[in-house]
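**Student:** Below you will find the structure I want to go over with you.
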Amino acid sequence: MSAYWVWLSRLKGVGPVNQKRLLDTFKSPRRIYRATEAELRAIPGLRPSIIKAVIAGQCTKLLEQAEAVAEQAAGKGIRLLPFTDPLYPAAAKAVPAAPVILYYRGQLAVNLPGVAIVGSRRCTEYGKMVAAEAATFLANRGIPLISGMAKGIDGYGQTACLRAGGYTLAFLAYGLDQCYPREHASLMERIVAEGATLSAYPPGVPPKKEFFPARNNLITAWSHTVLIVEAGKESGALLTAKYALTNGRQVLAVPNSIYCPESIGTNRLISQGITPYLSPEQLLAEEPTAIAATQNKPKPLQATPNFCLTHNWSVQQENIMRLLYIVPRQMEELALELKTDLTTLLEDLWTLELDGFIRLQGSRVMLTEAGLKTGLSPLSNECKKADHS
Amino acid sequence: MATVINSFAILGIDGYLVEVETTNMPGIPSITVVGLGDTAIKEARQRVEAALQSSGFEFPKLKIVINLAPGDIKKSGSHFDLPMAVGLLKESGQLAMTDEQNATFGFLGELSLNGLLRPCSGVLPMAIAAREAGLSRLIIPAPNVKEAALVQGLEVYGFSDLRAVVEFLNGSKPYIPAADLDNPATWEDTASVDFRDVTGQDMVIDAALVAATGGHNILLIGVPGCGKSMIAKRIPTILPALTEEEALEITKIYSVVGQIKNRDNLVTSRPFRAPHHNASLNALIGGGSPVVPGEVSLANNGVLFLDEIAEFSRKTLDALRQPLEDKQVTVARVKNSVTYPCNFMLVAAMNPCPCGYYGQKRCRCTDYEVIKYRQKISGPILDRIDIQKYVHPVDFMSMSNKSRSRSSAELRELVQAARDQQQARFTGIKGVTCNAQMNEAMIKEFCVIDSKGSHILQQAYERFHYSVRSFNKFLKVARTYADIDGARQIEHTHILAALASRDMDKEQAGMLIV
């Protein structure tokens with residue numbers, strides 16, 4: 001049976017839209033293979049060129065080829081997801097370009113569509129942080145994360161999701177027996193083990209530039225919300241945003257500095273009316289509870305503790321935080337400005353680092369996100385009273 | 001009966017006595033050199049013949065055989081010219097040597113076609129071999145006198161041509177020492193760099209100090225141009241002063257590779273060797289034909305600096321494992337093997353990521369790429385490096401006026417004091433002289449920490465997921481910090497300082513990879 005599906009998906013001159021139209025009429029690809037010219041002519045609005053292509057495709061050689069592909073896939077542990085399979089999400093089916101068959105490795109969840117997190121391959125530390133935070137948020141609520149396993153944002157998001165015990169799907173623009181980029185081989189293994197990799201391409205097909213837009217469209221097809229974390233001036237993530245809008249998905253873009261080249265695209269999206277992404281809660285669908293109930297148990301949200309109440313900072317430590325407010329500093333500089341020696345400074349820095357407010361890279365000291373949120377600046381005279389609800 | 005003249009050859013970095021036997025017999029005039037000599041020795045006969053002629057002697061028209069005994073060890077070098085020439089002259093009756101002269105004199109030197117004596121390499125180890133063989137006088141080329149004079153209890157005569165040697169031996173002219181012997185060689189240290197020139201890098205200098213004190217190998221990580229090499233170059237200046245024994249060993253190695261005769265001075269400071277990252281395995285470890293010491297041996301008792309260590313080929317780097325562990329390297333050949341000392345401190349430097357700017361705003365390397373880049377250095381090598389320290393470029397405007405760095409002399413005093421402490425600790429333990437060489441049992445015995453210290457270690461372990469290996473390294477480094485402070489017990493401040501010595505391990509914990 002699966003050979004007929006593969007045959008249909010590989011039919012020359014017949015695209016996904018017409019393939020699905022044929023399916024509507026004949027109900028199964030085997031019947032399409034056996035269809036006569038008269039039967040085909042009876043379908044209203046089917047162009048003669050399509051009819052010709054179907055007739056031309058009805059030869060045993062092509063079917064044998066399709067059989068070989070199906071066998072090869074089965075041999076490599078790659079499964080087929082036909083259009084009529086209940087696991088094929090209805091939302092994805094609604095997209096005109098959705099292929100009649102998908103190849104996949106791993107397990108497909110039932111609570112799809114999910115949320116897509118995509119962005120530049122060459123991303124900034126900020127982008128990495130946003131992607132990881134959003135992915136962890138989704139993982140904790142059992143919402144599937146959809147992405148493309150590319151370098152940068154895609155990879156970071158999926159890695160963070162897996163780390164948090166979440167479920168993720170990777171849509172790839174090549175046969176599933178390969179791995180691109182190669183450095184993601186171990187990531188791919190984990191995704192297959194705890195989620196799934198999917199592709200419209202049979203095994204053996206290498207990644208090609210022209211495959212990627214279709215792949216991006218697939219990502220949006222399987223998502224209800226698409227988060228664009230970072231996108232340069234001509235990033236592929238912008239194309240994803242365009243597809244998402246066409247497919248009627250919610251699109252969110254992460255705002256960033258207007259001087260950051262990685263954010264030209266996302267900032268422009270925002271200027272064109274896309275909702276800026278300000279907090280992970282925006283990623284939840286209209287009825288978050290309905291989705292969350294089906295998968296992993298959601299972990300309770302931890303309230304951000306008021307640092308003033310929980311940490312007994314010394315005056316020295318507070319001063320350190322103030323000095324770090326604008327730029328990272330060298331320890332030697334800090335010691336000079338605070339008129340202390342390195343040994344005592346190390347002790348103060350140690351507790352701050354342990355609590356996650358600062359990060360040390362050798363002798364360079366910088367604030368973490370948590371550190372920034374304390375709002376201690378050279379100008380503020382006392383601890384900011386954080387909201388504590 | 002054949003004439004026997006004493007000369008020497010080099011095996012590894014040691015010399016041994018070679019008897020140059022010369023005999024002539026009736027037959028077709030010819031000259032044959034036997035005794036496993038290399039091409040330089042084979043060509044000696046042409047040089048000797050020309051030198052004899054131009055010095056006004058007669059080359060015997062007989063069948064001549066010269067044997068270098070022992071005849072089963074391969075020999076190399078051009079310094080057999082002089083003993084061969086002397087032997088020929090004596091055998092042909094043009095030079096009369098007393099039996100006493102014959103038994104006490106050793107000869108070495110290369111001859112020019114004009115009969116002049118040229119300097120040769122390996123003189124120091126050969127002079128030592130002369131003394132050990134019971135010879136009391138040595139005739140050598142004049143430029144080599146300084147080097148040979150280092151050996152006590154040996155009369156060294158330096159000549160500039162063959163004629164003068166002959167005239168001295170038959171007593172027709174007395175020996176007049178060359179003028180520059182008035183200021184003989186000394187072991188005085190003449191370093192030209194100083195840690196005082198490095199400002200605003202107190203943390204890194206601290207790390208270098210600890211490395212030098214405890215004998216820890218150190219890896220400096222930093223963006224291009226942040227001062228990694230500058231710091232590395234200064235590490236030899238804070239290592240304890242060379243003992244005469246160490247200096248002699250270094251000079252022997254440099255003598256064998258022919259670097260003493262070219263520089264015309266002795267090795268008086270700790271060597272600093274910085275081979276380029278495309279150095280071949282043999283260049284680094286030693287090898288070739290004839291076998292010569294490699295960079296690891298030239299760095300003996302000093303510092304081997306591997307800049308851009310991630311760019312070295314994996315094979316080359318992995319070959320460093322045995323030298324790092326055993327402090328000596330053996331180059332094995334089918335017939336014999338040669339062992340060179342290589343007790344060096346490894347200082348390595350690398351960029352933090354492929355683009356070089358990890359942690360700064362302009363870096364766009366992904367975590368996977370960074371990890372892959374760092375994995376170019378194999379685990380066993382990283383495992384032998386106790387300290388990994390980030391070096392950051394200093395903001396020149398803000399730092400230069402405010403801080404004063406400690407000088408190398410000050411630091412060296414600290415190192416020396418702490419080394420003495422270590423020596424006292426490890427007396428009676430064979431092969432261990434500094435903290436870096438402690439094994440696990442010794443760490444348990446000597447690195448006892450109080451509850452506050454172990455609490456800090458516990459926290460670090462939970463937060464940064466360190467391995468057990470890193471743990472032992474922290475303890476060793478903390479021990480060294482305590483030694484510098486002169487403390488008997490490791491205190492929690494030492495632990496804190498030690499925790500700042502594994503920057504790369506710590507950073508790895510924060511990376512977002514599967």
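Chain labels A, B, ... are given in the sequence in which chains occur in the structure tokens; within each chain residues are numbered consecutively from 1, and ligands are likewise numbered from 1 in the order shown.
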Can you write out as JSON lines which residues of chain B fall within 10 Å of chain A, alongside each residue's closest atom pair and its distance in Å to one decimal, counting only C-alpha atoms and ordering rows by chain and ascending residue number?
**Tutor:**
```
{"residue": "B:Thr199", "atom": "CA", "partner": "A:Glu332", "partner_atom": "CA", "distance": 9.8}
{"residue": "B:Gly200", "atom": "CA", "partner": "A:Glu332", "partner_atom": "CA", "distance": 6.3}
{"residue": "B:Gln201", "atom": "CA", "partner": "A:Glu332", "partner_atom": "CA", "distance": 7.1}
{"residue": "B:Asp202", "atom": "CA", "partner": "A:Glu332", "partner_atom": "CA", "distance": 6.5}
{"residue": "B:Met203", "atom": "CA", "partner": "A:Ser363", "partner_atom": "CA", "distance": 6.5}
{"residue": "B:Val204", "atom": "CA", "partner": "A:Ser363", "partner_atom": "CA", "distance": 8.1}
{"residue": "B:Ile221", "atom": "CA", "partner": "A:Gly362", "partner_atom": "CA", "distance": 9.0}
{"residue": "B:Gly222", "atom": "CA", "partner": "A:Gly362", "partner_atom": "CA", "distance": 9.4}
{"residue": "B:Gly359", "atom": "CA", "partner": "A:Gln361", "partner_atom": "CA", "distance": 7.8}
{"residue": "B:Gln360", "atom": "CA", "partner": "A:Glu125", "partner_atom": "CA", "distance": 9.1}
{"residue": "B:Lys361", "atom": "CA", "partner": "A:Thr124", "partner_atom": "CA", "distance": 7.5}
{"residue": "B:Arg362", "atom": "CA", "partner": "A:Thr124", "partner_atom": "CA", "distance": 8.3}
{"residue": "B:Cys363", "atom": "CA", "partner": "A:Thr124", "partner_atom": "CA", "distance": 7.6}
{"residue": "B:Arg364", "atom": "CA", "partner": "A:Arg122", "partner_atom": "CA", "distance": 5.3}
{"residue": "B:Cys365", "atom": "CA", "partner": "A:Arg122", "partner_atom": "CA", "distance": 6.9}
{"residue": "B:Thr366", "atom": "CA", "partner": "A:Gly152", "partner_atom": "CA", "distance": 5.9}
{"residue": "B:Asp367", "atom": "CA", "partner": "A:Gly152", "partner_atom": "CA", "distance": 8.4}
{"residue": "B:Tyr368", "atom": "CA", "partner": "A:Glu183", "partner_atom": "CA", "distance": 6.4}
{"residue": "B:Glu369", "atom": "CA", "partner": "A:Glu183", "partner_atom": "CA", "distance": 7.4}
{"residue": "B:Ile371", "atom": "CA", "partner": "A:Glu183", "partner_atom": "CA", "distance": 9.8}
{"residue": "B:Lys372", "atom": "CA", "partner": "A:Glu183", "partner_atom": "CA", "distance": 8.0}
{"residue": "B:Gln388", "atom": "CA", "partner": "A:Gly362", "partner_atom": "CA", "distance": 9.0}
{"residue": "B:Lys389", "atom": "CA", "partner": "A:Gly362", "partner_atom": "CA", "distance": 6.1}
{"residue": "B:Tyr390", "atom": "CA", "partner": "A:Gly362", "partner_atom": "CA", "distance": 4.5}
{"residue": "B:Val391", "atom": "CA", "partner": "A:Gly362", "partner_atom": "CA", "distance": 6.9}
{"residue": "B:His392", "atom": "CA", "partner": "A:Arg364", "partner_atom": "CA", "distance": 7.2}
{"residue": "B:Pro393", "atom": "CA", "partner": "A:Gln330", "partner_atom": "CA", "distance": 9.5}
{"residue": "B:Val394", "atom": "CA", "partner": "A:Gln330", "partner_atom": "CA", "distance": 8.2}
{"residue": "B:Asp395", "atom": "CA", "partner": "A:Gln330", "partner_atom": "CA", "distance": 9.1}
{"residue": "B:Ser398", "atom": "CA", "partner": "A:Glu333", "partner_atom": "CA", "distance": 8.1}
{"residue": "B:Met399", "atom": "CA", "partner": "A:Glu333", "partner_atom": "CA", "distance": 7.3}
{"residue": "B:Lys402", "atom": "CA", "partner": "A:Leu336", "partner_atom": "CA", "distance": 8.0}
{"residue": "B:Ser403", "atom": "CA", "partner": "A:Leu336", "partner_atom": "CA", "distance": 8.1}
{"residue": "B:Ile456", "atom": "CA", "partner": "A:Trp350", "partner_atom": "CA", "distance": 9.1}
{"residue": "B:Gln459", "atom": "CA", "partner": "A:Leu354", "partner_atom": "CA", "distance": 7.7}
{"residue": "B:Ala460", "atom": "CA", "partner": "A:Leu354", "partner_atom": "CA", "distance": 7.7}
{"residue": "B:Glu462", "atom": "CA", "partner": "A:Leu354", "partner_atom": "CA", "distance": 9.7}
{"residue": "B:Arg463", "atom": "CA", "partner": "A:Leu354", "partner_atom": "CA", "distance": 7.0}
{"residue": "B:Phe464", "atom": "CA", "partner": "A:Leu354", "partner_atom": "CA", "distance": 9.3}
{"residue": "B:His492", "atom": "CA", "partner": "A:Glu347", "partner_atom": "CA", "distance": 9.2}
{"residue": "B:Thr493", "atom": "CA", "partner": "A:Thr343", "partner_atom": "CA", "distance": 6.7}
{"residue": "B:His494", "atom": "CA", "partner": "A:Thr343", "partner_atom": "CA", "distance": 8.7}
{"residue": "B:Leu496", "atom": "CA", "partner": "A:Glu347", "partner_atom": "CA", "distance": 6.8}
{"residue": "B:Ala497", "atom": "CA", "partner": "A:Leu346", "partner_atom": "CA", "distance": 7.2}
{"residue": "B:Leu499", "atom": "CA", "partner": "A:Trp350", "partner_atom": "CA", "distance": 9.4}
{"residue": "B:Ala500", "atom": "CA", "partner": "A:Gly362", "partner_atom": "CA", "distance": 7.1}
{"residue": "B:Ser501", "atom": "CA", "partner": "A:Gly362", "partner_atom": "CA", "distance": 8.1}
{"residue": "B:Arg502", "atom": "CA", "partner": "A:Gly362", "partner_atom": "CA", "distance": 8.6}
{"residue": "B:Asp503", "atom": "CA", "partner": "A:Gly362", "partner_atom": "CA", "distance": 5.7}
{"residue": "B:Met504", "atom": "CA", "partner": "A:Gly362", "partner_atom": "CA", "distance": 8.6}
{"residue": "B:Lys506", "atom": "CA", "partner": "A:Gln361", "partner_atom": "CA", "distance": 8.7}
{"residue": "B:Glu507", "atom": "CA", "partner": "A:Gln361", "partner_atom": "CA", "distance": 7.4}
{"residue": "B:Gly510", "atom": "CA", "partner": "A:Arg359", "partner_atom": "CA", "distance": 9.9}
{"residue": "B:Met511", "atom": "CA", "partner": "A:Tyr156", "partner_atom": "CA", "distance": 9.7}
{"residue": "B:Leu512", "atom": "CA", "partner": "A:Tyr156", "partner_atom": "CA", "distance": 6.4}
{"residue": "B:Ile513", "atom": "CA", "partner": "A:Thr159", "partner_atom": "CA", "distance": 6.0}
{"residue": "B:Val514", "atom": "CA", "partner": "A:Leu187", "partner_atom": "CA", "distance": 5.7}
```
**Student:** Return as a CSV table (one decimal) with C-alpha atoms, in the first residue's frame the full set of residues in stretch 225-288 of chain B whose backbone-based DSSP assignment is strand (DSSP E or B).
**Tutor:**
```csv
chain,number,residue,atom,x,y,z
B,272,PHE,CA,61.7,29.2,26.0
B,273,ARG,CA,60.8,27.3,22.9
B,286,GLY,CA,63.2,14.3,18.3
B,287,GLY,CA,64.3,12.0,15.5
```
**Student:** As a PyMOL selection string, please: the residues near B:Val257 (cut-off 7 Å, only C-alpha atoms, same-chain neighbours under 4 positions excluded).
**Tutor:** chain B and resi 121+253+292
**Student:** Contacts of stretch 441-455 of chain B at 6 Å or less, counting only C-alpha atoms, minus same-chain residues fewer than 2 places along, as a VMD selection string?
**Tutor:** chain B and resid 438 to 439 457 to 458 490 492
**Student:** If we count only C-alpha atoms and set the cut-off at 12 Å, which residues sit around B:Lys473, ignoring sequence neighbours fewer than 3 positions away in its own chain? Please answer as a PyMOL selection string.
**Tutor:** chain B and resi 211+214+216-218+382-388+435-440+443+447+457+466-470+476-480+495+498-502+505
**Student:** Keeping only C-alpha atoms, write the selected residues as a CSV table (one decimal), in the first residue's frame.
**Tutor:**
```csv
chain,number,residue,atom,x,y,z
B,211,ALA,CA,51.6,27.3,37.4
B,214,GLY,CA,53.4,24.0,41.5
B,216,HIS,CA,51.3,22.9,36.7
B,217,ASN,CA,50.9,23.0,32.9
B,218,ILE,CA,48.8,26.0,31.9
B,382,LEU,CA,43.9,18.5,28.3
B,383,ASP,CA,44.0,16.2,31.3
B,384,ARG,CA,47.7,17.0,31.8
B,385,ILE,CA,47.0,20.7,31.9
B,386,ASP,CA,45.9,21.7,35.4
B,387,ILE,CA,45.2,25.4,34.8
B,388,GLN,CA,43.0,26.9,32.1
B,435,ASN,CA,52.3,19.6,43.6
B,436,ALA,CA,51.4,18.9,40.0
B,437,GLN,CA,53.0,15.5,40.2
B,438,MET,CA,50.8,14.3,43.1
B,439,ASN,CA,48.8,11.2,42.5
B,440,GLU,CA,45.4,10.6,44.1
B,443,ILE,CA,46.2,14.4,47.1
B,447,CYS,CA,45.3,18.4,50.3
B,457,LEU,CA,33.6,22.7,46.4
B,466,TYR,CA,32.6,19.4,37.3
B,467,SER,CA,34.1,16.0,36.8
B,468,VAL,CA,36.0,14.1,39.5
B,469,ARG,CA,39.2,14.8,37.5
B,470,SER,CA,38.6,18.5,37.7
B,476,LYS,CA,46.2,20.4,43.7
B,477,VAL,CA,46.0,24.0,42.6
B,478,ALA,CA,44.6,25.0,45.9
B,479,ARG,CA,47.6,23.3,47.6
B,480,THR,CA,49.9,25.5,45.5
B,495,ILE,CA,39.8,26.9,47.2
B,498,ALA,CA,41.6,27.5,42.6
B,499,LEU,CA,38.1,27.4,41.4
B,500,ALA,CA,38.9,30.3,39.1
B,501,SER,CA,41.6,28.2,37.4
B,502,ARG,CA,39.4,26.0,35.2
B,505,ASP,CA,35.6,23.6,32.1
```
**Student:** List as a PyMOL selection string the protein and nucleic acid residues near B:Ile140, meaning an atom at most 9 Å away when only C-alpha atoms are counted, but skip any in the same chain fewer than 4 places from it.
**Tutor:** chain B and resi 82+106-109+117+119+123+144-145+148+156-160
**Student:** Just N, CA and C atoms for this one: save the residues we selected as a PDB file, in the first residue's frame.
**Tutor:**
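Saved file selection.pdb follows:
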```
ATOM      1  N   LEU B  82      90.572  16.107  12.813  1.00  0.00           N
ATOM      2  CA  LEU B  82      91.827  16.385  13.520  1.00  0.00           C
ATOM      3  C   LEU B  82      92.484  15.097  14.039  1.00  0.00           C
ATOM      4  N   GLY B 106      93.239  14.084  24.195  1.00  0.00           N
ATOM      5  CA  GLY B 106      92.095  13.775  23.349  1.00  0.00           C
ATOM      6  C   GLY B 106      92.032  14.833  22.256  1.00  0.00           C
ATOM      7  N   PHE B 107      91.503  14.471  21.076  1.00  0.00           N
ATOM      8  CA  PHE B 107      91.466  15.413  19.960  1.00  0.00           C
ATOM      9  C   PHE B 107      90.073  15.489  19.357  1.00  0.00           C
ATOM     10  N   LEU B 108      89.673  16.682  18.982  1.00  0.00           N
ATOM     11  CA  LEU B 108      88.509  16.796  18.116  1.00  0.00           C
ATOM     12  C   LEU B 108      88.535  18.121  17.375  1.00  0.00           C
ATOM     13  N   GLY B 109      88.016  18.128  16.161  1.00  0.00           N
ATOM     14  CA  GLY B 109      88.017  19.357  15.373  1.00  0.00           C
ATOM     15  C   GLY B 109      87.863  19.060  13.899  1.00  0.00           C
ATOM     16  N   LEU B 117      91.471  25.019  11.641  1.00  0.00           N
ATOM     17  CA  LEU B 117      90.545  24.240  12.468  1.00  0.00           C
ATOM     18  C   LEU B 117      89.220  24.984  12.586  1.00  0.00           C
ATOM     19  N   PRO B 119      85.207  25.188  14.234  1.00  0.00           N
ATOM     20  CA  PRO B 119      84.477  24.732  15.425  1.00  0.00           C
ATOM     21  C   PRO B 119      83.505  23.612  15.076  1.00  0.00           C
ATOM     22  N   VAL B 123      80.745  19.711  21.705  1.00  0.00           N
ATOM     23  CA  VAL B 123      82.032  19.738  22.396  1.00  0.00           C
ATOM     24  C   VAL B 123      81.870  19.490  23.898  1.00  0.00           C
ATOM     25  N   ASN B 144      85.878  26.703  20.321  1.00  0.00           N
ATOM     26  CA  ASN B 144      85.145  25.814  21.220  1.00  0.00           C
ATOM     27  C   ASN B 144      85.694  25.819  22.643  1.00  0.00           C
ATOM     28  N   VAL B 145      86.762  26.599  22.881  1.00  0.00           N
ATOM     29  CA  VAL B 145      87.449  26.509  24.172  1.00  0.00           C
ATOM     30  C   VAL B 145      86.535  26.867  25.333  1.00  0.00           C
ATOM     31  N   ALA B 148      84.318  23.963  26.287  1.00  0.00           N
ATOM     32  CA  ALA B 148      84.986  22.809  26.889  1.00  0.00           C
ATOM     33  C   ALA B 148      85.548  23.170  28.260  1.00  0.00           C
ATOM     34  N   VAL B 156      92.408  22.342  28.613  1.00  0.00           N
ATOM     35  CA  VAL B 156      91.869  22.502  27.268  1.00  0.00           C
ATOM     36  C   VAL B 156      92.806  23.378  26.448  1.00  0.00           C
ATOM     37  N   TYR B 157      93.196  22.885  25.285  1.00  0.00           N
ATOM     38  CA  TYR B 157      94.059  23.653  24.395  1.00  0.00           C
ATOM     39  C   TYR B 157      93.301  23.957  23.113  1.00  0.00           C
ATOM     40  N   GLY B 158      93.201  25.230  22.808  1.00  0.00           N
ATOM     41  CA  GLY B 158      92.494  25.596  21.591  1.00  0.00           C
ATOM     42  C   GLY B 158      93.471  26.093  20.531  1.00  0.00           C
ATOM     43  N   PHE B 159      93.364  25.548  19.329  1.00  0.00           N
ATOM     44  CA  PHE B 159      94.261  25.960  18.246  1.00  0.00           C
ATOM     45  C   PHE B 159      93.453  26.379  17.036  1.00  0.00           C
ATOM     46  N   SER B 160      94.106  27.182  16.201  1.00  0.00           N
ATOM     47  CA  SER B 160      93.361  27.626  15.034  1.00  0.00           C
ATOM     48  C   SER B 160      93.818  26.941  13.754  1.00  0.00           C
TER      49      SER B 160
END
```
**Student:** Report as a tab-separated table (two decimals) with C-alpha atoms, in the first residue's frame all protein, DNA and RNA residues lying within 10 Å of B:Glu43, evaluated on only C-alpha atoms, omitting residues in the same chain fewer than 6 positions from it.
**Tutor:**
```tsv
chain	number	residue	atom	x	y	z
B	33	VAL	CA	87.79	4.83	6.80
B	37	GLY	CA	80.83	6.63	9.93
B	78	SER	CA	83.12	16.26	11.11
B	81	ASP	CA	89.26	15.27	10.95
```
**Student:** To one decimal in Å, tell me the separation between atom CA of B:Ala319 and atom CA of B:Leu281.
**Tutor:**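 Separation between atom CA of B:Ala319 and atom CA of B:Leu281: 7.4 Å.
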